[in-house]
>>> print(open('work-v3.cif').read())   # mmCIF, C-alpha atoms and all ligand atoms
data_upload
#
loop_
_atom_site.label_atom_id
_atom_site.label_comp_id
_atom_site.auth_asym_id
_atom_site.auth_seq_id
_atom_site.Cartn_x
_atom_site.Cartn_y
_atom_site.Cartn_z
CA MET U 9 -87.70 -34.13 8.60
CA PRO U 10 -85.57 -31.77 10.70
CA SER U 11 -82.84 -31.87 8.04
CA LEU U 12 -82.68 -33.98 4.91
CA SER U 13 -80.00 -34.38 2.25
CA VAL U 14 -81.30 -35.23 -1.22
CA PHE U 15 -78.50 -36.15 -3.61
CA GLY U 16 -78.03 -37.66 -7.06
CA ALA U 17 -76.91 -41.29 -6.92
CA GLN U 18 -75.79 -41.59 -10.58
CA TRP U 19 -74.17 -39.17 -13.07
CA GLY U 20 -76.60 -36.29 -12.51
CA ASP U 21 -79.91 -35.64 -14.26
CA GLU U 22 -81.69 -38.14 -12.01
CA GLY U 23 -84.77 -35.94 -11.73
CA LYS U 24 -83.79 -34.34 -8.43
CA GLY U 25 -85.53 -31.04 -9.26
CA LYS U 26 -88.96 -32.60 -9.33
CA ILE U 27 -88.44 -34.58 -6.12
CA ILE U 28 -86.97 -31.60 -4.28
CA ASP U 29 -89.81 -29.38 -5.47
CA ARG U 30 -92.24 -31.95 -4.10
CA LEU U 31 -90.46 -32.43 -0.78
CA ALA U 32 -90.11 -28.65 -0.44
CA ALA U 33 -93.84 -28.52 0.35
CA ASP U 34 -92.86 -29.88 3.78
CA ALA U 35 -89.66 -27.84 4.18
CA ASP U 36 -89.03 -24.40 5.66
CA VAL U 37 -85.64 -23.98 3.99
CA VAL U 38 -84.14 -25.41 0.77
CA VAL U 39 -80.36 -25.11 0.35
CA ARG U 40 -77.98 -25.40 -2.62
CA TYR U 41 -74.49 -26.07 -1.26
CA GLN U 42 -72.27 -26.98 -4.24
CA GLY U 43 -71.99 -26.76 -8.02
CA GLY U 44 -73.27 -23.84 -9.99
CA ALA U 45 -75.17 -23.10 -13.16
CA ASN U 46 -73.88 -26.39 -14.59
CA ALA U 47 -76.96 -27.90 -12.90
CA GLY U 48 -80.34 -27.81 -14.59
CA HIS U 49 -83.23 -28.74 -12.31
CA THR U 50 -86.55 -29.13 -14.07
CA MET U 51 -89.95 -28.90 -12.41
CA VAL U 52 -93.37 -29.18 -14.01
CA VAL U 53 -96.31 -27.80 -12.06
CA ASP U 54 -99.79 -27.73 -13.64
CA GLY U 55 -98.21 -28.24 -17.06
CA GLU U 56 -95.84 -25.27 -16.67
CA LYS U 57 -92.15 -26.11 -16.92
CA THR U 58 -89.49 -24.30 -14.87
CA VAL U 59 -85.78 -24.97 -15.29
CA LEU U 60 -83.56 -23.61 -12.53
CA HIS U 61 -79.78 -23.57 -12.60
CA LEU U 62 -78.89 -21.72 -9.41
CA VAL U 63 -82.03 -20.77 -7.49
CA PRO U 64 -83.02 -23.69 -5.22
CA CYS U 65 -86.07 -25.74 -6.17
CA GLY U 66 -88.08 -24.60 -3.13
CA VAL U 67 -88.74 -21.25 -4.78
CA LEU U 68 -92.10 -22.30 -6.23
CA HIS U 69 -93.47 -22.80 -2.71
CA ARG U 70 -94.66 -19.63 -1.02
CA GLY U 71 -93.10 -19.15 2.40
CA THR U 72 -90.08 -21.39 1.76
CA LYS U 73 -86.67 -19.84 2.27
CA ASN U 74 -84.14 -20.66 -0.46
CA VAL U 75 -80.45 -20.50 0.30
CA VAL U 76 -77.52 -20.40 -2.12
CA ALA U 77 -74.78 -21.30 0.34
CA ASN U 78 -71.05 -20.62 0.39
CA GLY U 79 -70.06 -23.79 -1.49
CA VAL U 80 -71.90 -22.80 -4.66
CA ALA U 81 -69.95 -21.18 -7.51
CA ILE U 82 -72.32 -18.36 -8.39
CA ASP U 83 -72.61 -16.82 -11.82
CA PRO U 84 -74.26 -13.58 -10.68
CA VAL U 85 -75.60 -12.75 -14.15
CA GLN U 86 -77.32 -16.12 -14.43
CA LEU U 87 -78.66 -15.92 -10.88
CA LEU U 88 -80.23 -12.51 -11.43
CA GLU U 89 -81.66 -13.61 -14.77
CA GLU U 90 -83.37 -16.50 -12.98
CA VAL U 91 -84.72 -14.13 -10.33
CA ASP U 92 -86.08 -11.80 -13.05
CA ALA U 93 -87.67 -14.67 -14.96
CA LEU U 94 -89.34 -16.00 -11.80
CA ARG U 95 -90.66 -12.55 -10.89
CA GLU U 96 -92.02 -12.06 -14.40
CA ARG U 97 -94.07 -15.19 -13.85
CA GLY U 98 -95.42 -13.86 -10.58
CA VAL U 99 -93.16 -15.88 -8.25
CA GLU U 100 -92.24 -13.77 -5.25
CA VAL U 101 -88.46 -13.52 -4.79
CA THR U 102 -87.43 -11.25 -1.92
CA GLY U 103 -84.47 -10.74 0.39
CA GLU U 104 -86.30 -13.09 2.76
CA SER U 105 -87.23 -15.87 0.37
CA LEU U 106 -83.79 -15.95 -1.31
CA ARG U 107 -80.61 -15.81 0.73
CA ILE U 108 -77.16 -15.75 -0.82
CA SER U 109 -73.97 -16.45 1.09
CA ALA U 110 -71.48 -13.58 1.30
CA GLY U 111 -68.78 -16.26 1.14
CA ALA U 112 -69.85 -17.95 -2.10
CA HIS U 113 -67.32 -17.72 -4.92
CA LEU U 114 -68.19 -15.93 -8.14
CA ILE U 115 -67.95 -16.95 -11.76
CA PHE U 116 -66.78 -14.28 -14.18
CA GLU U 117 -66.37 -14.14 -17.94
CA HIS U 118 -62.73 -15.26 -17.69
CA HIS U 119 -63.82 -18.49 -15.94
CA ARG U 120 -66.21 -19.38 -18.74
CA ARG U 121 -63.55 -18.47 -21.31
CA MET U 122 -60.87 -20.59 -19.58
CA ASP U 123 -63.28 -23.53 -19.23
CA GLN U 124 -63.87 -23.61 -22.97
CA LEU U 125 -60.24 -22.95 -23.90
CA SER U 126 -58.90 -25.69 -21.62
CA GLU U 127 -61.35 -28.20 -23.01
CA HIS U 128 -60.10 -27.38 -26.47
CA TRP U 129 -56.51 -28.04 -25.38
CA LEU U 130 -57.37 -31.36 -23.76
CA GLY U 131 -58.44 -32.67 -27.17
CA GLU U 132 -59.34 -36.36 -26.94
CA GLY U 133 -58.94 -36.18 -23.16
CA ARG U 134 -61.55 -33.43 -22.80
CA ILE U 135 -64.03 -33.72 -19.93
CA GLY U 136 -67.07 -32.55 -21.84
CA THR U 137 -67.84 -29.80 -19.32
CA THR U 138 -70.95 -27.65 -19.48
CA GLY U 139 -68.69 -24.68 -20.34
CA ARG U 140 -70.14 -22.66 -17.45
CA GLY U 141 -66.76 -21.87 -15.88
CA ILE U 142 -67.23 -24.25 -12.95
CA GLY U 143 -63.77 -25.90 -12.93
CA PRO U 144 -61.78 -22.65 -13.30
CA ALA U 145 -63.85 -20.93 -10.57
CA TYR U 146 -63.25 -23.75 -8.07
CA ALA U 147 -59.59 -23.83 -9.11
CA ASP U 148 -59.32 -20.11 -8.27
CA LYS U 149 -61.02 -20.78 -4.94
CA ALA U 150 -58.40 -23.40 -4.10
CA SER U 151 -55.61 -21.15 -5.39
CA ARG U 152 -56.95 -18.36 -3.18
CA VAL U 153 -57.40 -15.90 -6.00
CA GLY U 154 -61.18 -16.17 -6.31
CA LEU U 155 -63.61 -13.35 -5.67
CA ARG U 156 -66.55 -13.88 -3.38
CA VAL U 157 -70.00 -12.34 -3.16
CA SER U 158 -68.84 -10.04 -0.33
CA ASP U 159 -66.17 -8.62 -2.68
CA LEU U 160 -68.88 -7.64 -5.13
CA LEU U 161 -70.51 -5.51 -2.42
CA ASP U 162 -67.33 -3.53 -1.86
CA PRO U 163 -66.49 -1.80 -5.17
CA GLU U 164 -62.99 -0.73 -4.15
CA ARG U 165 -61.96 -4.18 -3.05
CA CYS U 166 -63.65 -5.73 -6.06
CA HIS U 167 -61.76 -3.41 -8.44
CA SER U 168 -58.37 -4.10 -6.93
CA ARG U 169 -58.82 -7.90 -6.72
CA LEU U 170 -60.45 -8.29 -10.10
CA SER U 171 -57.80 -6.12 -11.80
CA ALA U 172 -54.98 -8.20 -10.33
CA VAL U 173 -56.62 -11.52 -11.18
CA LEU U 174 -57.61 -10.48 -14.69
CA ALA U 175 -54.10 -9.26 -15.49
CA GLU U 176 -52.82 -12.81 -14.92
CA LYS U 177 -55.79 -14.51 -16.60
CA ASN U 178 -55.55 -12.30 -19.66
CA ALA U 179 -51.85 -13.06 -19.96
CA THR U 180 -52.81 -16.75 -20.18
CA ILE U 181 -55.82 -16.21 -22.43
CA GLU U 182 -53.77 -14.14 -24.89
CA GLY U 183 -50.29 -15.61 -24.45
CA VAL U 184 -51.08 -19.32 -24.11
CA HIS U 185 -54.38 -19.67 -25.91
CA GLY U 186 -54.00 -16.85 -28.44
CA ALA U 187 -57.56 -15.73 -27.70
CA ASP U 188 -59.01 -12.26 -27.14
CA PRO U 189 -58.51 -10.90 -23.62
CA VAL U 190 -61.43 -10.12 -21.32
CA ASP U 191 -62.22 -6.40 -21.18
CA LEU U 192 -61.31 -5.32 -17.65
CA ALA U 193 -63.21 -2.01 -17.69
CA ALA U 194 -66.41 -3.66 -18.87
CA GLU U 195 -66.08 -6.41 -16.23
CA LEU U 196 -65.54 -3.89 -13.46
CA GLU U 197 -68.55 -1.84 -14.50
CA ARG U 198 -70.71 -4.94 -14.66
CA ALA U 199 -69.47 -6.17 -11.28
CA THR U 200 -70.52 -2.93 -9.55
CA ALA U 201 -74.01 -3.10 -11.02
CA LEU U 202 -74.34 -6.78 -10.05
CA GLY U 203 -73.22 -6.05 -6.49
CA ASP U 204 -75.95 -3.44 -6.09
CA ARG U 205 -78.61 -5.85 -7.26
CA LEU U 206 -77.41 -8.78 -5.14
CA ARG U 207 -77.08 -6.77 -1.90
CA PRO U 208 -80.62 -7.35 -0.52
CA PHE U 209 -80.18 -11.13 -0.70
CA VAL U 210 -76.71 -11.42 0.84
CA GLY U 211 -75.92 -12.58 4.37
CA ASP U 212 -74.13 -15.11 6.56
CA THR U 213 -76.19 -18.07 5.43
CA GLY U 214 -74.24 -20.59 7.55
CA ALA U 215 -75.15 -18.74 10.75
CA GLU U 216 -78.75 -18.42 9.53
CA LEU U 217 -78.98 -22.16 8.80
CA ARG U 218 -77.56 -23.15 12.17
CA ALA U 219 -80.09 -20.86 13.86
CA ASP U 220 -82.89 -22.31 11.70
CA TYR U 221 -81.92 -25.82 12.77
CA ARG U 222 -81.85 -24.84 16.44
CA ALA U 223 -85.30 -23.32 15.99
CA GLY U 224 -86.61 -26.66 14.70
CA LYS U 225 -87.02 -25.53 11.06
CA ARG U 226 -87.15 -28.27 8.44
CA ILE U 227 -84.12 -27.95 6.16
CA LEU U 228 -83.76 -29.67 2.80
CA PHE U 229 -80.33 -29.82 1.16
CA GLU U 230 -80.54 -29.95 -2.61
CA GLY U 231 -77.63 -31.79 -4.20
CA ALA U 232 -76.67 -30.93 -7.77
CA GLN U 233 -75.02 -33.31 -10.29
CA GLY U 234 -74.58 -36.85 -8.95
CA ILE U 235 -72.22 -38.84 -6.77
CA MET U 236 -70.47 -40.40 -9.79
CA LEU U 237 -69.46 -36.83 -10.75
CA ASP U 238 -68.05 -36.09 -7.26
CA ILE U 239 -64.56 -34.59 -7.41
CA ASP U 240 -63.22 -37.11 -4.86
CA HIS U 241 -65.40 -40.19 -5.25
CA GLY U 242 -66.58 -40.02 -8.85
CA THR U 243 -65.03 -41.13 -12.13
CA TYR U 244 -62.09 -38.68 -11.88
CA PRO U 245 -61.02 -36.80 -14.00
CA PHE U 246 -64.40 -36.98 -15.73
CA VAL U 247 -66.18 -35.28 -12.85
CA THR U 248 -67.35 -31.88 -11.78
CA SER U 249 -65.29 -29.77 -9.37
CA SER U 250 -67.25 -30.12 -6.12
CA ASN U 251 -68.40 -32.72 -3.58
CA THR U 252 -71.79 -33.61 -4.93
CA GLY U 253 -73.09 -35.76 -2.07
CA THR U 254 -74.00 -35.34 1.58
CA ALA U 255 -70.31 -34.89 2.44
CA GLY U 256 -70.41 -31.55 0.60
CA ILE U 257 -72.99 -30.08 2.99
CA PRO U 258 -70.94 -29.23 6.09
CA ALA U 259 -68.25 -27.34 4.20
CA GLY U 260 -70.55 -26.04 1.49
CA ALA U 261 -73.23 -24.68 3.79
CA GLY U 262 -71.51 -24.08 7.13
CA PHE U 263 -73.77 -26.71 8.67
CA PRO U 264 -72.53 -29.21 11.30
CA PRO U 265 -72.23 -32.77 9.93
CA GLY U 266 -73.98 -34.23 12.97
CA HIS U 267 -77.06 -32.14 12.22
CA ILE U 268 -77.76 -33.90 8.92
CA ASP U 269 -80.55 -36.19 10.03
CA ARG U 270 -81.43 -38.15 6.93
CA ALA U 271 -80.13 -38.78 3.41
CA ILE U 272 -82.15 -39.82 0.39
CA GLY U 273 -80.56 -40.69 -2.98
CA ILE U 274 -82.23 -40.18 -6.33
CA ALA U 275 -81.58 -42.58 -9.22
CA LYS U 276 -83.31 -43.20 -12.51
CA ALA U 277 -84.71 -46.62 -13.37
CA TYR U 278 -81.95 -46.68 -16.02
CA CYS U 279 -78.72 -44.67 -16.39
CA THR U 280 -77.64 -41.60 -18.31
CA ARG U 281 -74.50 -39.55 -18.52
CA VAL U 282 -73.57 -36.34 -20.38
CA GLY U 283 -70.00 -35.49 -21.20
CA GLU U 284 -67.07 -37.86 -21.45
CA GLY U 285 -65.89 -40.58 -19.09
CA PRO U 286 -66.56 -44.17 -18.07
CA PHE U 287 -70.13 -45.43 -18.27
CA PRO U 288 -69.99 -49.22 -17.92
CA SER U 289 -73.66 -50.01 -18.71
CA GLU U 290 -73.88 -47.64 -21.72
CA LEU U 291 -75.97 -48.83 -24.68
CA ARG U 292 -74.62 -47.47 -27.94
CA GLY U 293 -77.18 -48.92 -30.34
CA GLU U 294 -80.93 -48.99 -30.87
CA THR U 295 -81.89 -49.69 -27.27
CA GLY U 296 -79.93 -46.67 -26.01
CA ASP U 297 -81.59 -44.53 -28.69
CA ALA U 298 -85.00 -45.86 -27.65
CA ILE U 299 -84.37 -44.91 -24.00
CA ARG U 300 -83.18 -41.44 -25.08
CA ALA U 301 -86.30 -40.90 -27.15
CA ALA U 302 -88.70 -42.26 -24.52
CA GLY U 303 -87.07 -40.28 -21.71
CA ASN U 304 -86.36 -37.14 -23.77
CA GLU U 305 -82.80 -37.44 -22.55
CA TYR U 306 -81.27 -34.13 -23.58
CA GLY U 307 -79.34 -31.90 -21.15
CA ALA U 308 -81.40 -29.23 -19.34
CA THR U 309 -78.36 -26.92 -19.30
CA THR U 310 -76.63 -27.58 -22.62
CA GLY U 311 -79.24 -29.45 -24.67
CA ARG U 312 -76.66 -32.17 -25.38
CA PRO U 313 -78.04 -35.67 -26.05
CA ARG U 314 -77.38 -37.81 -22.99
CA ARG U 315 -75.67 -41.17 -23.25
CA CYS U 316 -78.12 -43.85 -22.10
CA GLY U 317 -77.74 -47.32 -20.59
CA TRP U 318 -79.27 -49.93 -18.33
CA PHE U 319 -79.55 -49.42 -14.59
CA ASP U 320 -76.15 -49.98 -13.00
CA ALA U 321 -76.63 -51.65 -9.63
CA VAL U 322 -72.88 -51.60 -8.88
CA ALA U 323 -72.65 -47.82 -9.28
CA VAL U 324 -75.89 -47.01 -7.45
CA ARG U 325 -75.06 -49.32 -4.52
CA TYR U 326 -71.70 -47.54 -4.26
CA GLY U 327 -73.29 -44.06 -4.40
CA LEU U 328 -75.91 -44.82 -1.78
CA SER U 329 -73.48 -46.49 0.61
CA LEU U 330 -70.98 -43.63 0.28
CA ASN U 331 -73.72 -41.23 1.41
CA GLY U 332 -75.18 -43.47 4.11
CA ALA U 333 -78.56 -43.21 2.37
CA ASP U 334 -81.61 -44.15 4.43
CA GLY U 335 -83.62 -44.69 1.26
CA TRP U 336 -83.80 -43.75 -2.38
CA VAL U 337 -86.25 -42.56 -4.99
CA MET U 338 -86.41 -44.39 -8.31
CA THR U 339 -87.32 -41.88 -11.04
CA ASN U 340 -88.46 -42.19 -14.67
CA LEU U 341 -89.90 -45.66 -14.19
CA ASP U 342 -92.60 -44.73 -16.74
CA VAL U 343 -89.88 -44.34 -19.42
CA LEU U 344 -89.26 -48.10 -19.32
CA SER U 345 -92.86 -48.94 -20.37
CA GLY U 346 -92.89 -50.67 -23.74
CA PHE U 347 -89.57 -52.56 -23.58
CA GLU U 348 -89.91 -56.35 -24.07
CA GLU U 349 -87.09 -56.99 -21.63
CA LEU U 350 -85.18 -54.91 -19.12
CA SER U 351 -81.59 -55.52 -18.10
CA VAL U 352 -79.61 -54.42 -15.08
CA ALA U 353 -75.82 -54.40 -14.66
CA THR U 354 -75.45 -56.57 -11.58
CA SER U 355 -71.64 -56.94 -11.56
CA TYR U 356 -68.50 -55.82 -13.39
CA VAL U 357 -65.78 -57.98 -14.86
CA MET U 358 -62.36 -56.30 -14.65
CA ASP U 359 -59.10 -58.04 -15.50
CA GLY U 360 -61.00 -61.32 -15.61
CA GLU U 361 -62.36 -60.87 -12.06
CA GLN U 362 -66.06 -60.52 -11.40
CA THR U 363 -67.03 -58.02 -8.71
CA ARG U 364 -70.07 -56.24 -7.28
CA GLU U 365 -67.87 -53.49 -5.81
CA TYR U 366 -67.13 -50.23 -7.57
CA PRO U 367 -63.36 -50.04 -8.23
CA ALA U 368 -61.24 -47.64 -6.19
CA HIS U 369 -58.75 -47.51 -9.04
CA LEU U 370 -60.55 -45.92 -11.93
CA PRO U 371 -58.42 -47.00 -14.90
CA ALA U 372 -59.75 -50.48 -14.05
CA LEU U 373 -63.00 -49.33 -15.66
CA ASP U 374 -61.29 -48.92 -19.03
CA GLY U 375 -61.63 -52.53 -20.05
CA CYS U 376 -64.58 -53.19 -17.77
CA GLU U 377 -67.42 -55.41 -18.96
CA VAL U 378 -70.75 -55.50 -17.26
CA ARG U 379 -72.68 -58.65 -16.40
CA LEU U 380 -76.30 -58.03 -17.27
CA GLU U 381 -79.29 -59.88 -15.89
CA THR U 382 -82.61 -59.56 -17.65
CA ARG U 383 -86.27 -59.58 -16.62
CA PRO U 384 -89.49 -59.18 -18.62
CA GLY U 385 -90.71 -55.62 -19.18
CA TRP U 386 -94.28 -54.29 -19.28
CA GLN U 387 -96.25 -52.57 -22.02
CA GLU U 388 -98.81 -50.53 -20.07
CA ASP U 389 -98.60 -46.75 -19.58
CA ILE U 390 -98.06 -46.40 -15.83
CA SER U 391 -97.81 -42.60 -15.66
CA GLY U 392 -101.37 -42.14 -14.37
CA LEU U 393 -101.08 -44.58 -11.46
CA ARG U 394 -100.73 -43.43 -7.86
CA CYS U 395 -100.85 -46.69 -5.96
CA TYR U 396 -98.04 -49.26 -5.91
CA GLU U 397 -100.40 -52.24 -6.05
CA ASP U 398 -101.88 -50.95 -9.34
CA LEU U 399 -98.56 -51.27 -11.18
CA PRO U 400 -98.32 -54.19 -13.66
CA ALA U 401 -96.84 -57.27 -11.98
CA SER U 402 -93.63 -57.08 -14.03
CA ALA U 403 -93.11 -53.40 -13.09
CA ARG U 404 -93.44 -54.30 -9.41
CA SER U 405 -91.11 -57.22 -9.88
CA TYR U 406 -88.52 -54.94 -11.59
CA VAL U 407 -88.70 -52.45 -8.72
CA GLU U 408 -88.39 -55.12 -6.04
CA TRP U 409 -85.58 -56.89 -7.87
CA VAL U 410 -83.53 -53.68 -8.14
CA GLU U 411 -84.31 -52.80 -4.53
CA GLU U 412 -82.97 -56.16 -3.43
CA LEU U 413 -79.82 -55.78 -5.54
CA ILE U 414 -79.17 -52.38 -3.98
CA GLY U 415 -80.09 -53.30 -0.42
CA THR U 416 -81.60 -49.88 0.43
CA PRO U 417 -85.37 -49.28 0.44
CA ILE U 418 -87.00 -47.47 -2.47
CA VAL U 419 -89.15 -44.90 -0.68
CA MET U 420 -90.82 -43.33 -3.72
CA LEU U 421 -91.29 -43.96 -7.44
CA SER U 422 -91.51 -41.13 -9.93
CA ILE U 423 -93.57 -41.91 -13.01
CA GLY U 424 -93.69 -38.66 -14.96
CA PRO U 425 -92.44 -35.08 -14.91
CA GLU U 426 -95.42 -33.50 -13.07
CA ARG U 427 -95.19 -32.81 -9.34
CA GLU U 428 -98.10 -35.19 -8.66
CA GLN U 429 -96.77 -38.12 -10.70
CA VAL U 430 -95.32 -40.18 -7.86
CA ILE U 431 -96.08 -43.39 -6.01
CA SER U 432 -95.12 -43.21 -2.37
CA ARG U 433 -93.52 -46.18 -0.68
CA GLY U 434 -93.01 -44.44 2.64
CA LEU U 435 -91.72 -40.97 1.70
P1 LIG S 1 -68.62 -29.09 -15.35
O1 LIG S 1 -69.36 -29.32 -14.07
O2 LIG S 1 -69.32 -28.11 -16.26
O3 LIG S 1 -67.18 -28.76 -15.12
O4 LIG S 1 -68.62 -30.47 -16.16
C1 LIG S 1 -67.92 -31.63 -15.69
C2 LIG S 1 -68.72 -32.89 -16.00
O5 LIG S 1 -69.89 -32.93 -15.20
C3 LIG S 1 -69.21 -32.99 -17.45
O6 LIG S 1 -69.22 -34.35 -17.82
C4 LIG S 1 -70.63 -32.47 -17.38
O7 LIG S 1 -71.42 -32.97 -18.43
C5 LIG S 1 -71.04 -33.04 -16.03
N1 LIG S 1 -72.09 -32.26 -15.40
C6 LIG S 1 -71.99 -31.08 -14.77
N2 LIG S 1 -73.17 -30.70 -14.28
C7 LIG S 1 -74.04 -31.66 -14.59
C8 LIG S 1 -75.43 -31.85 -14.30
O8 LIG S 1 -76.09 -31.04 -13.64
N3 LIG S 1 -75.98 -32.99 -14.79
C9 LIG S 1 -75.26 -33.92 -15.46
N4 LIG S 1 -73.96 -33.79 -15.74
C10 LIG S 1 -73.36 -32.67 -15.30
#
>>> encode(input="work-v3.cif", output="structure tokens", more="lines below")
Ligand code: IMP
Amino acid sequence: MPSLSVFGAQWGDEGKGKIIDRLAADADVVVRYQGGANAGHTMVVDGEKTVLHLVPCGVLHRGTKNVVANGVAIDPVQLLEEVDALRERGVEVTGESLRISAGAHLIFEHHRRMDQLSEHWLGEGRIGTTGRGIGPAYADKASRVGLRVSDLLDPERCHSRLSAVLAEKNATIEGVHGADPVDLAAELERATALGDRLRPFVGDTGAELRADYRAGKRILFEGAQGIMLDIDHGTYPFVTSSNTGTAGIPAGAGFPPGHIDRAIGIAKAYCTRVGEGPFPSELRGETGDAIRAAGNEYGATTGRPRRCGWFDAVAVRYGLSLNGADGWVMTNLDVLSGFEELSVATSYVMDGEQTREYPAHLPALDGCEVRLETRPGWQEDISGLRCYEDLPASARSYVEWVEELIGTPIVMLSIGPEREQVISRGL
């Protein structure tokens, strides 16, 4: 594994945290390259649960370097809170084990405020964001008015840029939204203190990563959210504001595209989505509720109940092919124990036409119906198994059926939240 991209192949919450934590045992470097504290990556080790939003999931492995690269929108308060919480639990976090890009953009109070205010104005058309300021921070980046980590280390520059930006933002917050302005003096004071605390971690992480690759280090890229939430290739406008797949790595980490050696997608054995937007295989009744209860499907970041549905082979095939995946991990297979029958969306019907291809033109999904095919389920608890052959015959047949529909090998099954609860099929 010289370098490996691990990305979400659905709408996020695929269980990437656990898989990345596990794969990090064989990695020298783990890198976050997009998104921000909208992500919630959960790991369970020896019964102890850790939820990380910004710190990469390699942090629980001693000796692993964790990089928050330039493409991440960093909420410095959240990041330092995570560092403090990890240290309190005895996890070593130093300027060597955690590296933060000087070029990463920052999330301030006005971004969070604008995120929530804009959602309010969108009314029925709201995106259902996590409210963490992600969209407004990436918008400022594109508008070239964002502040970056390096600005935080230079109080004079930080003061002049933040004052100018806040003057405009406050005019909008007060004038357009009729809300209370953000207190400039308090923000400036906080920014200086944050800069001092971040300083030991900050560097040119792109140059460091390129040197690590040349030195033969094993680099794991940790995707956040999922490909169906990608700003370009997802269900726009109901997406997040970054490139969530392997394509986000070169720009988001300063890492040459040709140096990404392998890509592995992560998808649940069923589907979930939080927030608004198309979800063709959604189950609105009892079965969806049963999946939510069995899988404890509530957001790790916002606690919102996730919408649940059957596995969508059209969407996952699209996500894996878009990323050139060499294989994929099917997670939460244990959650499907106990269902009499299991269905999979094998094609869509749009405007009377049946297709196995994800539509390029998204409004086509509005009246989309899914064609479901059904197979028998299994009743046994499979969470204690470690060997593929020990799975009930109908569980194996479900896995192999889905694998055939997707056309990309399933290299691992995850059958519970603990690090050890996996069945390897080659990974
Ligand atoms: P934002 O990223 O907070 O702007 O939210 C945009 C959309 O992406 C909303 O539908 C969120 O629910 C969704 N989203 C953002 N981050 C995650 C995640 O980590 N898991 C699942 N959904 C997410």
>>> residues_around(input="work-v3.cif", residues="Leu160 (chain U)", least_positions_apart="3", cutoff="9 Å", atoms="only C-alpha atoms", output="PyMOL selection string")
chain U and resi 114+155-157+163+165-167+199-200+202-204+206-207
>>> closest_residue(input="work-v3.cif", among="U:Glu412, U:Glu100, U:Glu132, U:Glu127", to="ligand LIG 1 (chain S)", atoms="all atoms listed in the file")
U:Glu127
>>> closest_residue(input="work-v3.cif", among="U:Pro10, U:Gly296, U:Gly183, U:Gly332", to="Thr416 (chain U)", atoms="only C-alpha atoms")
U:Gly332
>>> axis_aligned_box(input="work-v3.cif", around="ligand LIG 1 (chain S)", padding_each_side="3 Å", output="lines of an AutoDock Vina configuration file")
center_x = -71.6
center_y = -31.2
center_z = -16.0
size_x = 14.9
size_y = 12.2
size_z = 10.8
>>> closest_residue(input="work-v3.cif", among="U:Trp129, U:Phe263, U:Phe209, U:Phe287", to="ligand LIG 1 (chain S)", atoms="only C-alpha atoms and all ligand atoms")
U:Phe287
>>> closest_atom_pairs(input="work-v3.cif", of="chain U", to="ligand LIG 1 (chain S)", cutoff="7 Å", atoms="only C-alpha atoms and all ligand atoms", output="tab-separated table")
residue	atom	partner	partner_atom	distance
U:Trp19	CA	S:LIG1	C9	5.9
U:Gly20	CA	S:LIG1	C9	4.0
U:Asp21	CA	S:LIG1	N3	4.8
U:Asn46	CA	S:LIG1	N2	4.4
U:Ala47	CA	S:LIG1	O8	3.3
U:Gly48	CA	S:LIG1	O8	5.4
U:Ile135	CA	S:LIG1	O6	5.6
U:Gly136	CA	S:LIG1	O6	4.9
U:Thr137	CA	S:LIG1	O4	3.3
U:Thr138	CA	S:LIG1	O2	3.6
U:Gly139	CA	S:LIG1	O2	5.4
U:Arg140	CA	S:LIG1	O2	5.6
U:Gly141	CA	S:LIG1	O2	6.8
U:Ile142	CA	S:LIG1	O3	5.0
U:Gly143	CA	S:LIG1	O3	5.0
U:Ala232	CA	S:LIG1	O8	5.9
U:Gln233	CA	S:LIG1	O8	4.2
U:Leu237	CA	S:LIG1	O5	5.9
U:Phe246	CA	S:LIG1	O6	5.9
U:Val247	CA	S:LIG1	C2	4.7
U:Thr248	CA	S:LIG1	C1	4.0
U:Ser249	CA	S:LIG1	O3	6.1
U:Arg281	CA	S:LIG1	N4	6.4
U:Val282	CA	S:LIG1	O7	4.4
U:Gly283	CA	S:LIG1	O6	3.7
U:Glu284	CA	S:LIG1	O6	5.5
>>> write_last_selection(input="work-v3.cif", atoms="C-alpha atoms", output="compact mmCIF listing (two decimals), keeping the file's coordinate frame")
# COMPACT_ATOMS: atom_id res chain seq x y z
CA TRP U 19 -74.17 -39.17 -13.07
CA GLY U 20 -76.60 -36.29 -12.51
CA ASP U 21 -79.91 -35.64 -14.26
CA ASN U 46 -73.88 -26.39 -14.59
CA ALA U 47 -76.96 -27.90 -12.90
CA GLY U 48 -80.34 -27.81 -14.59
CA ILE U 135 -64.03 -33.72 -19.93
CA GLY U 136 -67.07 -32.55 -21.84
CA THR U 137 -67.84 -29.80 -19.32
CA THR U 138 -70.95 -27.65 -19.48
CA GLY U 139 -68.69 -24.68 -20.34
CA ARG U 140 -70.14 -22.66 -17.45
CA GLY U 141 -66.76 -21.87 -15.88
CA ILE U 142 -67.23 -24.25 -12.95
CA GLY U 143 -63.77 -25.90 -12.93
CA ALA U 232 -76.67 -30.93 -7.77
CA GLN U 233 -75.02 -33.31 -10.29
CA LEU U 237 -69.46 -36.83 -10.75
CA PHE U 246 -64.40 -36.98 -15.73
CA VAL U 247 -66.18 -35.28 -12.85
CA THR U 248 -67.35 -31.88 -11.78
CA SER U 249 -65.29 -29.77 -9.37
CA ARG U 281 -74.50 -39.55 -18.52
CA VAL U 282 -73.57 -36.34 -20.38
CA GLY U 283 -70.00 -35.49 -21.20
CA GLU U 284 -67.07 -37.86 -21.45
>>> closest_residue(input="work-v3.cif", among="U:Leu328, U:Pro208, U:Gly256, U:Ile239", to="Glu411 (chain U)", atoms="all atoms listed in the file")
U:Leu328
